[in-house]
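A.B. asks: Contents of coords_24.pdb (PDB, C-alpha atoms) are given next:
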```
ATOM      1  CA  MET A 122     178.061 147.350  41.303
ATOM      2  CA  THR A 123     174.751 145.506  41.342
ATOM      3  CA  ARG A 124     174.786 141.747  41.035
ATOM      4  CA  ARG A 125     173.286 140.229  37.944
ATOM      5  CA  GLY A 126     169.591 139.411  38.341
ATOM      6  CA  ARG A 127     168.883 142.168  40.836
ATOM      7  CA  PRO A 128     166.940 145.218  39.752
ATOM      8  CA  ARG A 129     168.770 148.524  40.023
ATOM      9  CA  GLY A 130     168.383 150.046  43.458
ATOM     10  CA  PHE A 131     167.621 146.670  45.016
ATOM     11  CA  ASP A 132     168.123 146.955  48.758
ATOM     12  CA  VAL A 133     168.336 143.697  50.701
ATOM     13  CA  ASP A 134     167.096 145.138  54.009
ATOM     14  CA  THR A 135     164.121 146.881  52.394
ATOM     15  CA  ALA A 136     163.220 143.695  50.531
ATOM     16  CA  LEU A 137     163.528 141.684  53.751
ATOM     17  CA  ASP A 138     161.362 144.189  55.638
ATOM     18  CA  ARG A 139     158.662 143.665  53.010
ATOM     19  CA  ALA A 140     159.056 139.888  53.259
ATOM     20  CA  VAL A 141     158.729 140.164  57.060
ATOM     21  CA  ASP A 142     155.424 141.969  56.588
ATOM     22  CA  VAL A 143     154.058 139.310  54.199
ATOM     23  CA  PHE A 144     155.120 136.376  56.390
ATOM     24  CA  TRP A 145     153.792 138.143  59.491
ATOM     25  CA  ARG A 146     150.376 138.765  57.933
ATOM     26  CA  HIS A 147     149.965 135.398  56.214
ATOM     27  CA  GLY A 148     152.199 132.991  58.119
ATOM     28  CA  TYR A 149     154.859 130.872  56.430
ATOM     29  CA  GLU A 150     152.452 128.616  54.598
ATOM     30  CA  GLY A 151     149.944 131.319  53.725
ATOM     31  CA  ALA A 152     152.570 133.556  52.094
ATOM     32  CA  SER A 153     152.795 132.668  48.400
ATOM     33  CA  LEU A 154     155.815 133.370  46.211
ATOM     34  CA  ASP A 155     153.609 135.755  44.220
ATOM     35  CA  ASP A 156     152.753 137.635  47.456
ATOM     36  CA  LEU A 157     156.435 137.815  48.336
ATOM     37  CA  THR A 158     157.823 138.865  44.947
ATOM     38  CA  SER A 159     155.064 141.451  44.526
ATOM     39  CA  ALA A 160     155.699 143.001  47.953
ATOM     40  CA  MET A 161     159.477 142.856  47.558
ATOM     41  CA  GLY A 162     159.404 144.361  44.065
ATOM     42  CA  ILE A 163     161.506 141.584  42.527
ATOM     43  CA  ASN A 164     160.861 138.625  40.243
ATOM     44  CA  ARG A 165     161.292 134.981  41.199
ATOM     45  CA  PRO A 166     164.773 134.547  39.659
ATOM     46  CA  SER A 167     165.944 137.605  41.628
ATOM     47  CA  LEU A 168     164.389 136.229  44.816
ATOM     48  CA  TYR A 169     166.117 132.874  44.366
ATOM     49  CA  ALA A 170     169.431 134.509  43.451
ATOM     50  CA  ALA A 171     169.401 136.885  46.415
ATOM     51  CA  PHE A 172     167.739 134.804  49.125
ATOM     52  CA  GLY A 173     167.512 131.153  48.062
ATOM     53  CA  ASN A 174     164.215 129.313  48.414
ATOM     54  CA  LYS A 175     161.134 130.302  50.399
ATOM     55  CA  GLU A 176     162.316 128.643  53.617
ATOM     56  CA  GLN A 177     165.721 130.346  53.404
ATOM     57  CA  LEU A 178     163.974 133.670  52.780
ATOM     58  CA  PHE A 179     161.779 133.054  55.822
ATOM     59  CA  ARG A 180     164.793 132.352  58.028
ATOM     60  CA  LEU A 181     166.430 135.568  56.815
ATOM     61  CA  ALA A 182     163.173 137.464  57.410
ATOM     62  CA  VAL A 183     162.985 136.119  60.977
ATOM     63  CA  ALA A 184     166.587 137.234  61.573
ATOM     64  CA  ARG A 185     165.713 140.678  60.218
ATOM     65  CA  TYR A 186     162.590 140.765  62.426
ATOM     66  CA  ALA A 187     164.697 139.850  65.468
ATOM     67  CA  GLN A 188     167.161 142.627  64.631
ATOM     68  CA  VAL A 189     164.556 145.355  64.034
ATOM     69  CA  ASP A 190     161.250 144.501  65.714
ATOM     70  CA  MET A 191     162.726 142.579  68.646
ATOM     71  CA  ALA A 192     165.472 145.080  69.452
ATOM     72  CA  TYR A 193     163.499 146.028  72.580
ATOM     73  CA  ALA A 194     164.093 142.541  74.009
ATOM     74  CA  ARG A 195     167.886 142.902  73.742
ATOM     75  CA  GLU A 196     167.678 146.398  75.236
ATOM     76  CA  ALA A 197     165.576 145.098  78.142
ATOM     77  CA  LEU A 198     168.335 142.636  79.077
ATOM     78  CA  ALA A 199     170.639 145.609  79.682
ATOM     79  CA  GLU A 200     168.382 147.048  82.413
ATOM     80  CA  PRO A 201     170.166 147.167  85.798
ATOM     81  CA  THR A 202     167.808 144.911  87.781
ATOM     82  CA  ALA A 203     165.773 141.779  87.088
ATOM     83  CA  ALA A 204     162.558 143.662  87.923
ATOM     84  CA  ALA A 205     163.455 146.402  85.435
ATOM     85  CA  VAL A 206     164.302 143.754  82.813
ATOM     86  CA  ALA A 207     160.878 142.106  83.215
ATOM     87  CA  ALA A 208     158.994 145.412  83.252
ATOM     88  CA  SER A 209     160.804 146.784  80.196
ATOM     89  CA  LEU A 210     160.427 143.538  78.269
ATOM     90  CA  LEU A 211     156.703 143.138  78.922
ATOM     91  CA  ARG A 212     155.727 146.786  78.473
ATOM     92  CA  ARG A 213     157.659 147.179  75.235
ATOM     93  CA  ASN A 214     156.375 143.805  74.066
ATOM     94  CA  VAL A 215     152.819 145.168  74.311
ATOM     95  CA  GLU A 216     153.847 148.163  72.198
ATOM     96  CA  ALA A 217     155.536 145.876  69.642
ATOM     97  CA  VAL A 218     152.587 143.515  69.179
ATOM     98  CA  THR A 219     150.058 146.359  68.837
ATOM     99  CA  ARG A 220     152.152 148.831  66.801
ATOM    100  CA  PRO A 221     150.129 150.875  64.283
ATOM    101  CA  GLY A 222     151.128 150.125  60.703
ATOM    102  CA  ARG A 223     152.463 146.675  61.579
ATOM    103  CA  PRO A 224     150.538 143.406  61.715
ATOM    104  CA  ALA A 225     149.185 142.589  65.180
ATOM    105  CA  GLY A 226     151.017 139.943  67.146
ATOM    106  CA  CYS A 227     154.505 138.503  66.650
ATOM    107  CA  LEU A 228     156.117 136.932  63.592
ATOM    108  CA  THR A 229     157.797 134.166  65.592
ATOM    109  CA  VAL A 230     154.492 133.256  67.280
ATOM    110  CA  GLN A 231     152.104 133.671  64.336
ATOM    111  CA  GLY A 232     154.491 132.733  61.538
ATOM    112  CA  GLY A 233     154.450 128.990  61.957
ATOM    113  CA  THR A 234     151.746 127.989  64.389
ATOM    114  CA  ALA A 235     149.748 126.191  61.688
ATOM    115  CA  CYS A 236     152.466 124.476  59.673
ATOM    116  CA  SER A 237     151.460 121.257  57.925
ATOM    117  CA  ALA A 238     153.472 118.056  57.951
ATOM    118  CA  GLY A 239     155.809 119.114  55.167
ATOM    119  CA  ASN A 240     156.944 122.200  57.027
ATOM    120  CA  GLU A 241     157.893 120.868  60.462
ATOM    121  CA  ALA A 242     161.361 122.367  59.980
ATOM    122  CA  VAL A 243     159.862 125.866  59.906
ATOM    123  CA  ALA A 244     157.797 125.284  63.054
ATOM    124  CA  GLN A 245     160.843 123.800  64.815
ATOM    125  CA  PHE A 246     163.012 126.731  63.716
ATOM    126  CA  LEU A 247     160.508 129.231  65.169
ATOM    127  CA  ALA A 248     160.170 127.258  68.404
ATOM    128  CA  ALA A 249     163.962 127.190  68.730
ATOM    129  CA  SER A 250     164.097 130.960  68.120
ATOM    130  CA  ARG A 251     161.583 131.599  70.909
ATOM    131  CA  LEU A 252     163.372 129.241  73.302
ATOM    132  CA  ALA A 253     166.697 130.967  72.568
ATOM    133  CA  GLY A 254     165.113 134.233  73.708
ATOM    134  CA  GLU A 255     163.902 132.525  76.868
ATOM    135  CA  ARG A 256     167.407 131.155  77.492
ATOM    136  CA  HIS A 257     168.952 134.645  77.197
ATOM    137  CA  LEU A 258     166.424 135.913  79.723
ATOM    138  CA  ALA A 259     167.168 133.001  82.093
ATOM    139  CA  GLU A 260     170.899 133.773  81.855
ATOM    140  CA  ARG A 261     170.172 137.410  82.725
ATOM    141  CA  PHE A 262     168.132 136.331  85.768
ATOM    142  CA  GLU A 263     170.930 133.932  86.814
ATOM    143  CA  ARG A 264     173.288 136.898  86.744
ATOM    144  CA  ALA A 265     170.810 138.809  88.924
ATOM    145  CA  VAL A 266     170.964 135.945  91.461
ATOM    146  CA  ASP A 267     174.785 136.043  91.385
ATOM    147  CA  GLU A 268     174.702 139.819  91.920
ATOM    148  CA  GLY A 269     172.305 139.509  94.879
ATOM    149  CA  ASP A 270     169.579 141.326  92.951
ATOM    150  CA  LEU A 271     167.359 138.220  93.049
ATOM    151  CA  PRO A 272     167.162 135.948  96.122
ATOM    152  CA  ALA A 273     169.492 132.958  96.257
ATOM    153  CA  GLY A 274     167.717 129.851  95.055
ATOM    154  CA  THR A 275     165.497 131.738  92.594
ATOM    155  CA  ASP A 276     164.457 129.502  89.686
ATOM    156  CA  ALA A 277     165.862 131.740  86.931
ATOM    157  CA  ALA A 278     164.670 129.430  84.145
ATOM    158  CA  GLY A 279     161.156 129.232  85.591
ATOM    159  CA  LEU A 280     161.024 132.998  86.004
ATOM    160  CA  ALA A 281     162.172 133.526  82.406
ATOM    161  CA  ARG A 282     159.568 131.033  81.165
ATOM    162  CA  PHE A 283     156.835 132.898  83.044
ATOM    163  CA  VAL A 284     157.810 136.222  81.447
ATOM    164  CA  MET A 285     157.967 134.646  77.980
ATOM    165  CA  VAL A 286     154.590 132.919  78.433
ATOM    166  CA  VAL A 287     153.082 136.333  79.178
ATOM    167  CA  ALA A 288     154.855 137.961  76.208
ATOM    168  CA  GLU A 289     153.781 135.213  73.804
ATOM    169  CA  GLY A 290     150.252 135.400  75.203
ATOM    170  CA  HIS A 291     150.269 139.126  74.432
ATOM    171  CA  ALA A 292     151.086 138.313  70.801
ATOM    172  CA  VAL A 293     148.223 135.829  70.501
ATOM    173  CA  HIS A 294     145.729 138.207  72.104
ATOM    174  CA  ALA A 295     146.928 141.189  70.040
ATOM    175  CA  ALA A 296     146.374 139.155  66.878
ATOM    176  CA  ALA A 297     142.830 138.498  68.133
ATOM    177  CA  GLY A 298     142.239 142.240  68.403
ATOM    178  CA  VAL A 299     142.859 142.857  72.118
ATOM    179  CA  SER A 300     143.930 146.478  72.714
ATOM    180  CA  ALA A 301     147.282 147.682  73.998
ATOM    181  CA  GLU A 302     145.484 149.166  77.024
ATOM    182  CA  ASP A 303     144.050 145.777  77.975
ATOM    183  CA  LEU A 304     147.404 144.072  77.433
ATOM    184  CA  HIS A 305     149.088 146.653  79.682
ATOM    185  CA  THR A 306     146.549 145.732  82.379
ATOM    186  CA  ALA A 307     147.566 142.082  81.986
ATOM    187  CA  THR A 308     151.201 143.183  82.256
ATOM    188  CA  ASP A 309     150.446 145.003  85.535
ATOM    189  CA  ILE A 310     149.055 141.763  86.979
ATOM    190  CA  ALA A 311     151.965 139.702  85.647
ATOM    191  CA  LEU A 312     154.521 142.116  87.080
ATOM    192  CA  SER A 313     152.734 142.073  90.452
ATOM    193  CA  ALA A 314     153.102 138.293  90.431
ATOM    194  CA  PHE A 315     156.753 138.600  89.378
ATOM    195  CA  PHE A 316     157.575 141.102  92.144
ATOM    196  CA  ALA A 317     155.681 139.084  94.776
ATOM    197  CA  HIS A 318     157.504 135.927  93.746
ATOM    198  CA  VAL A 319     161.011 137.368  93.854
ATOM    199  CA  SER A 320     160.503 139.582  96.923
ATOM    200  CA  THR A 321     159.441 136.613  99.077
ATOM    201  CA  GLY A 322     162.267 134.453  97.789
ATOM    202  CA  HIS A 323     159.978 131.660  96.570
ATOM    203  CA  HIS A 324     161.785 128.838  94.875
TER
END
```
I'd like the structure from this file rewritten - as structure tokens, please.
C.D. replies:
Amino acid sequence: MTRRGRPRGFDVDTALDRAVDVFWRHGYEGASLDDLTSAMGINRPSLYAAFGNKEQLFRLAVARYAQVDMAYAREALAEPTAAAVAASLLRRNVEAVTRPGRPAGCLTVQGGTACSAGNEAVAQFLAASRLAGERHLAERFERAVDEGDLPAGTDAAGLARFVMVVAEGHAVHAAAGVSAEDLHTATDIALSAFFAHVSTGHH
């Protein structure tokens, strides 16, 4: 039974996917309610009833983006070695930020980089989301140290930050029109640095 206020056939995930696309293309501030309702195929009362206000919709869209477009990052953490984790994460990140039919870049990087004073909460929310991803990666590298896969004394947090800096840099460059091929070249260099760092036991 459909809830009152929702058009027949209203699908939350489909609507959120469309909201993701609008926020990704325009950023949080640049996405108007008219842009959102038009893309989502619902009117404002339906939007408010189903998702709350614009900021709540954005948070839900980011969660949906993390579930769908960032699935590769979770899958990378399951790779058997730290080197394989880094390689999978960075290579699939390039594919994600340059995917045909999707906006270039990354919603959590582009979505709130230019928030004005009234929207600090959005910028802080996105920063926290990115740092949470970095923390998960650091925990995975700590496990690799415990398992003897990475040298004892490896700075797992520093290593995770390096990988995330590269991934976020990919997003910025992809949004500027840099090709997947060129980003893969940057990944090759980054992975060489990663392998050199961990193989010599620098810390």
A.B. asks: Which neighbours of segment 180-191 of chain A fall inside 12 Å, counting only C-alpha atoms, when residues of the same chain fewer than 6 positions from it are skipped, and could you give them as a short mmCIF file (atom, residue, chain, number, x, y, z; two decimals) with C-alpha atoms, keeping the file's coordinate frame?
C.D. replies:
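New file part.cif:
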```cif
data_model
loop_
_atom_site.label_atom_id
_atom_site.label_comp_id
_atom_site.auth_asym_id
_atom_site.auth_seq_id
_atom_site.Cartn_x
_atom_site.Cartn_y
_atom_site.Cartn_z
CA VAL A 133 168.34 143.70 50.70
CA ASP A 134 167.10 145.14 54.01
CA THR A 135 164.12 146.88 52.39
CA ALA A 136 163.22 143.70 50.53
CA LEU A 137 163.53 141.68 53.75
CA ASP A 138 161.36 144.19 55.64
CA ARG A 139 158.66 143.66 53.01
CA ALA A 140 159.06 139.89 53.26
CA VAL A 141 158.73 140.16 57.06
CA ASP A 142 155.42 141.97 56.59
CA VAL A 143 154.06 139.31 54.20
CA PHE A 144 155.12 136.38 56.39
CA TRP A 145 153.79 138.14 59.49
CA GLY A 148 152.20 132.99 58.12
CA TYR A 149 154.86 130.87 56.43
CA LEU A 157 156.44 137.82 48.34
CA MET A 161 159.48 142.86 47.56
CA ALA A 171 169.40 136.88 46.42
CA PHE A 172 167.74 134.80 49.12
CA GLY A 173 167.51 131.15 48.06
CA ASN A 174 164.22 129.31 48.41
CA ALA A 197 165.58 145.10 78.14
CA LEU A 198 168.34 142.64 79.08
CA LEU A 210 160.43 143.54 78.27
CA LEU A 211 156.70 143.14 78.92
CA ARG A 213 157.66 147.18 75.24
CA ASN A 214 156.38 143.80 74.07
CA VAL A 215 152.82 145.17 74.31
CA GLU A 216 153.85 148.16 72.20
CA ALA A 217 155.54 145.88 69.64
CA VAL A 218 152.59 143.51 69.18
CA THR A 219 150.06 146.36 68.84
CA ARG A 220 152.15 148.83 66.80
CA ARG A 223 152.46 146.68 61.58
CA PRO A 224 150.54 143.41 61.72
CA GLY A 226 151.02 139.94 67.15
CA CYS A 227 154.50 138.50 66.65
CA LEU A 228 156.12 136.93 63.59
CA THR A 229 157.80 134.17 65.59
CA VAL A 230 154.49 133.26 67.28
CA GLN A 231 152.10 133.67 64.34
CA GLY A 232 154.49 132.73 61.54
CA GLY A 233 154.45 128.99 61.96
CA ALA A 242 161.36 122.37 59.98
CA VAL A 243 159.86 125.87 59.91
CA ALA A 244 157.80 125.28 63.05
CA GLN A 245 160.84 123.80 64.82
CA PHE A 246 163.01 126.73 63.72
CA LEU A 247 160.51 129.23 65.17
CA ALA A 248 160.17 127.26 68.40
CA ALA A 249 163.96 127.19 68.73
CA SER A 250 164.10 130.96 68.12
CA ARG A 251 161.58 131.60 70.91
CA ALA A 253 166.70 130.97 72.57
CA GLY A 254 165.11 134.23 73.71
CA ALA A 288 154.85 137.96 76.21
#
```
A.B. asks: So what does the PyMOL selection byres ((chain A and resi 311) around 10) actually pick up in this one, as an MDAnalysis selection string?
C.D. replies: chainID A and resid 207:208 211 283:284 287 305:310 312:317
A.B. asks: From the list A:Ala225, A:Leu178, A:Ala170, A:Ala204, which residue is nearest Ala152 of chain A when using only C-alpha atoms?
C.D. replies: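 Smallest distance to Ala152 of chain A is found for A:Leu178.
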A.B. asks: Excluding Asp270 of chain A and its own-chain neighbours fewer than 5 positions away, which residues fall within 10 Å of it when counting all atoms listed in the file? Please give them as a list in words.
C.D. replies: Pro201, Thr202, Ala203, Ala204, Phe262, Glu263, Arg264, Ala265 and Val319 of chain A
A.B. asks: For those residues, write C-alpha atoms to a file as an mmCIF file, in the frame of the given file.
C.D. replies:
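Result file part.cif:
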```
data_model
loop_
_atom_site.group_PDB
_atom_site.id
_atom_site.type_symbol
_atom_site.label_atom_id
_atom_site.label_comp_id
_atom_site.auth_asym_id
_atom_site.auth_seq_id
_atom_site.Cartn_x
_atom_site.Cartn_y
_atom_site.Cartn_z
ATOM 1 C CA PRO A 201 170.166 147.167 85.798
ATOM 2 C CA THR A 202 167.808 144.911 87.781
ATOM 3 C CA ALA A 203 165.773 141.779 87.088
ATOM 4 C CA ALA A 204 162.558 143.662 87.923
ATOM 5 C CA PHE A 262 168.132 136.331 85.768
ATOM 6 C CA GLU A 263 170.930 133.932 86.814
ATOM 7 C CA ARG A 264 173.288 136.898 86.744
ATOM 8 C CA ALA A 265 170.810 138.809 88.924
ATOM 9 C CA VAL A 319 161.011 137.368 93.854
#
```
A.B. asks: My list of candidates is A:Asp156, A:Glu150, A:Glu241, A:Glu260. Which is closest to Ala277 of chain A when distances are computed with all atoms listed in the file?
C.D. replies: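 Of all the options, A:Glu260 lies closest to Ala277 of chain A.
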A.B. asks: Within 6 Å of Ala281 of chain A, counting all atoms listed in the file, which residues qualify if same-chain residues fewer than 3 places away don't, as a count of residues only?
C.D. replies: 5
A.B. asks: Using only C-alpha atoms, can you tell me which of A:Ser159, A:Gly269, A:Gly151, A:Val206 comes closest to Ser237 of chain A?
C.D. replies: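 Looking only at the distances to Ser237 of chain A, the closest residue turns out to be A:Gly151.
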A.B. asks: What's the separation between atom CA of Leu280 of chain A and atom CA of Val266 of chain A, in Å to one decimal place?
C.D. replies: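 According to the coordinates, atom CA of Leu280 of chain A and atom CA of Val266 of chain A are separated by 11.7 Å.
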A.B. asks: Can you fill out segment 275-305 of chain A with N, CA and C atoms and hand it back as a PDB file, keeping the file's coordinate frame?
C.D. replies:
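Everything below was put into selection.pdb:
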```pdb
ATOM      1  N   THR A 275     166.538 131.397  93.570  1.00  0.00           N
ATOM      2  CA  THR A 275     165.497 131.738  92.594  1.00  0.00           C
ATOM      3  C   THR A 275     165.615 130.823  91.378  1.00  0.00           C
ATOM      4  N   ASP A 276     164.489 130.328  90.897  1.00  0.00           N
ATOM      5  CA  ASP A 276     164.457 129.502  89.686  1.00  0.00           C
ATOM      6  C   ASP A 276     164.491 130.448  88.481  1.00  0.00           C
ATOM      7  N   ALA A 277     165.695 130.764  88.022  1.00  0.00           N
ATOM      8  CA  ALA A 277     165.862 131.740  86.931  1.00  0.00           C
ATOM      9  C   ALA A 277     165.176 131.259  85.653  1.00  0.00           C
ATOM     10  N   ALA A 278     165.292 129.969  85.360  1.00  0.00           N
ATOM     11  CA  ALA A 278     164.670 129.430  84.145  1.00  0.00           C
ATOM     12  C   ALA A 278     163.150 129.502  84.231  1.00  0.00           C
ATOM     13  N   GLY A 279     162.605 129.170  85.402  1.00  0.00           N
ATOM     14  CA  GLY A 279     161.156 129.232  85.591  1.00  0.00           C
ATOM     15  C   GLY A 279     160.636 130.656  85.494  1.00  0.00           C
ATOM     16  N   LEU A 280     161.400 131.586  86.049  1.00  0.00           N
ATOM     17  CA  LEU A 280     161.024 132.998  86.004  1.00  0.00           C
ATOM     18  C   LEU A 280     161.034 133.503  84.556  1.00  0.00           C
ATOM     19  N   ALA A 281     162.065 133.119  83.814  1.00  0.00           N
ATOM     20  CA  ALA A 281     162.172 133.526  82.406  1.00  0.00           C
ATOM     21  C   ALA A 281     161.009 132.936  81.609  1.00  0.00           C
ATOM     22  N   ARG A 282     160.680 131.669  81.897  1.00  0.00           N
ATOM     23  CA  ARG A 282     159.568 131.033  81.165  1.00  0.00           C
ATOM     24  C   ARG A 282     158.260 131.767  81.443  1.00  0.00           C
ATOM     25  N   PHE A 283     158.049 132.158  82.690  1.00  0.00           N
ATOM     26  CA  PHE A 283     156.835 132.898  83.044  1.00  0.00           C
ATOM     27  C   PHE A 283     156.727 134.192  82.234  1.00  0.00           C
ATOM     28  N   VAL A 284     157.818 134.955  82.181  1.00  0.00           N
ATOM     29  CA  VAL A 284     157.810 136.222  81.447  1.00  0.00           C
ATOM     30  C   VAL A 284     157.542 135.971  79.960  1.00  0.00           C
ATOM     31  N   MET A 285     158.157 134.933  79.400  1.00  0.00           N
ATOM     32  CA  MET A 285     157.967 134.646  77.980  1.00  0.00           C
ATOM     33  C   MET A 285     156.559 134.145  77.686  1.00  0.00           C
ATOM     34  N   VAL A 286     155.988 133.373  78.602  1.00  0.00           N
ATOM     35  CA  VAL A 286     154.590 132.919  78.433  1.00  0.00           C
ATOM     36  C   VAL A 286     153.662 134.133  78.348  1.00  0.00           C
ATOM     37  N   VAL A 287     153.901 135.120  79.202  1.00  0.00           N
ATOM     38  CA  VAL A 287     153.082 136.333  79.178  1.00  0.00           C
ATOM     39  C   VAL A 287     153.291 137.078  77.859  1.00  0.00           C
ATOM     40  N   ALA A 288     154.554 137.230  77.448  1.00  0.00           N
ATOM     41  CA  ALA A 288     154.855 137.961  76.208  1.00  0.00           C
ATOM     42  C   ALA A 288     154.237 137.272  74.993  1.00  0.00           C
ATOM     43  N   GLU A 289     154.353 135.945  74.941  1.00  0.00           N
ATOM     44  CA  GLU A 289     153.781 135.213  73.804  1.00  0.00           C
ATOM     45  C   GLU A 289     152.257 135.253  73.853  1.00  0.00           C
ATOM     46  N   GLY A 290     151.694 135.242  75.056  1.00  0.00           N
ATOM     47  CA  GLY A 290     150.252 135.400  75.203  1.00  0.00           C
ATOM     48  C   GLY A 290     149.781 136.760  74.708  1.00  0.00           C
ATOM     49  N   HIS A 291     150.577 137.792  74.965  1.00  0.00           N
ATOM     50  CA  HIS A 291     150.269 139.126  74.432  1.00  0.00           C
ATOM     51  C   HIS A 291     150.138 139.069  72.917  1.00  0.00           C
ATOM     52  N   ALA A 292     151.081 138.382  72.268  1.00  0.00           N
ATOM     53  CA  ALA A 292     151.086 138.313  70.801  1.00  0.00           C
ATOM     54  C   ALA A 292     149.813 137.650  70.282  1.00  0.00           C
ATOM     55  N   VAL A 293     149.428 136.555  70.925  1.00  0.00           N
ATOM     56  CA  VAL A 293     148.223 135.829  70.501  1.00  0.00           C
ATOM     57  C   VAL A 293     146.984 136.706  70.693  1.00  0.00           C
ATOM     58  N   HIS A 294     146.894 137.366  71.830  1.00  0.00           N
ATOM     59  CA  HIS A 294     145.729 138.207  72.104  1.00  0.00           C
ATOM     60  C   HIS A 294     145.707 139.443  71.213  1.00  0.00           C
ATOM     61  N   ALA A 295     146.872 140.029  70.939  1.00  0.00           N
ATOM     62  CA  ALA A 295     146.928 141.189  70.040  1.00  0.00           C
ATOM     63  C   ALA A 295     146.422 140.802  68.650  1.00  0.00           C
ATOM     64  N   ALA A 296     146.824 139.620  68.192  1.00  0.00           N
ATOM     65  CA  ALA A 296     146.374 139.155  66.878  1.00  0.00           C
ATOM     66  C   ALA A 296     144.867 138.936  66.856  1.00  0.00           C
ATOM     67  N   ALA A 297     144.289 138.687  68.026  1.00  0.00           N
ATOM     68  CA  ALA A 297     142.830 138.498  68.133  1.00  0.00           C
ATOM     69  C   ALA A 297     142.100 139.828  68.319  1.00  0.00           C
ATOM     70  N   GLY A 298     142.862 140.926  68.341  1.00  0.00           N
ATOM     71  CA  GLY A 298     142.239 142.240  68.403  1.00  0.00           C
ATOM     72  C   GLY A 298     142.183 142.884  69.777  1.00  0.00           C
ATOM     73  N   VAL A 299     142.836 142.267  70.773  1.00  0.00           N
ATOM     74  CA  VAL A 299     142.859 142.857  72.118  1.00  0.00           C
ATOM     75  C   VAL A 299     143.718 144.124  72.094  1.00  0.00           C
ATOM     76  N   SER A 300     143.259 145.171  72.776  1.00  0.00           N
ATOM     77  CA  SER A 300     143.930 146.478  72.714  1.00  0.00           C
ATOM     78  C   SER A 300     145.206 146.508  73.552  1.00  0.00           C
ATOM     79  N   ALA A 301     146.059 147.473  73.219  1.00  0.00           N
ATOM     80  CA  ALA A 301     147.282 147.682  73.998  1.00  0.00           C
ATOM     81  C   ALA A 301     146.939 148.002  75.448  1.00  0.00           C
ATOM     82  N   GLU A 302     145.889 148.792  75.660  1.00  0.00           N
ATOM     83  CA  GLU A 302     145.484 149.166  77.024  1.00  0.00           C
ATOM     84  C   GLU A 302     145.165 147.911  77.847  1.00  0.00           C
ATOM     85  N   ASP A 303     144.413 146.997  77.254  1.00  0.00           N
ATOM     86  CA  ASP A 303     144.050 145.777  77.975  1.00  0.00           C
ATOM     87  C   ASP A 303     145.268 144.889  78.211  1.00  0.00           C
ATOM     88  N   LEU A 304     146.184 144.873  77.253  1.00  0.00           N
ATOM     89  CA  LEU A 304     147.404 144.072  77.433  1.00  0.00           C
ATOM     90  C   LEU A 304     148.301 144.684  78.509  1.00  0.00           C
ATOM     91  N   HIS A 305     148.313 146.009  78.605  1.00  0.00           N
ATOM     92  CA  HIS A 305     149.088 146.653  79.682  1.00  0.00           C
ATOM     93  C   HIS A 305     148.497 146.297  81.048  1.00  0.00           C
TER      94      HIS A 305
END
```
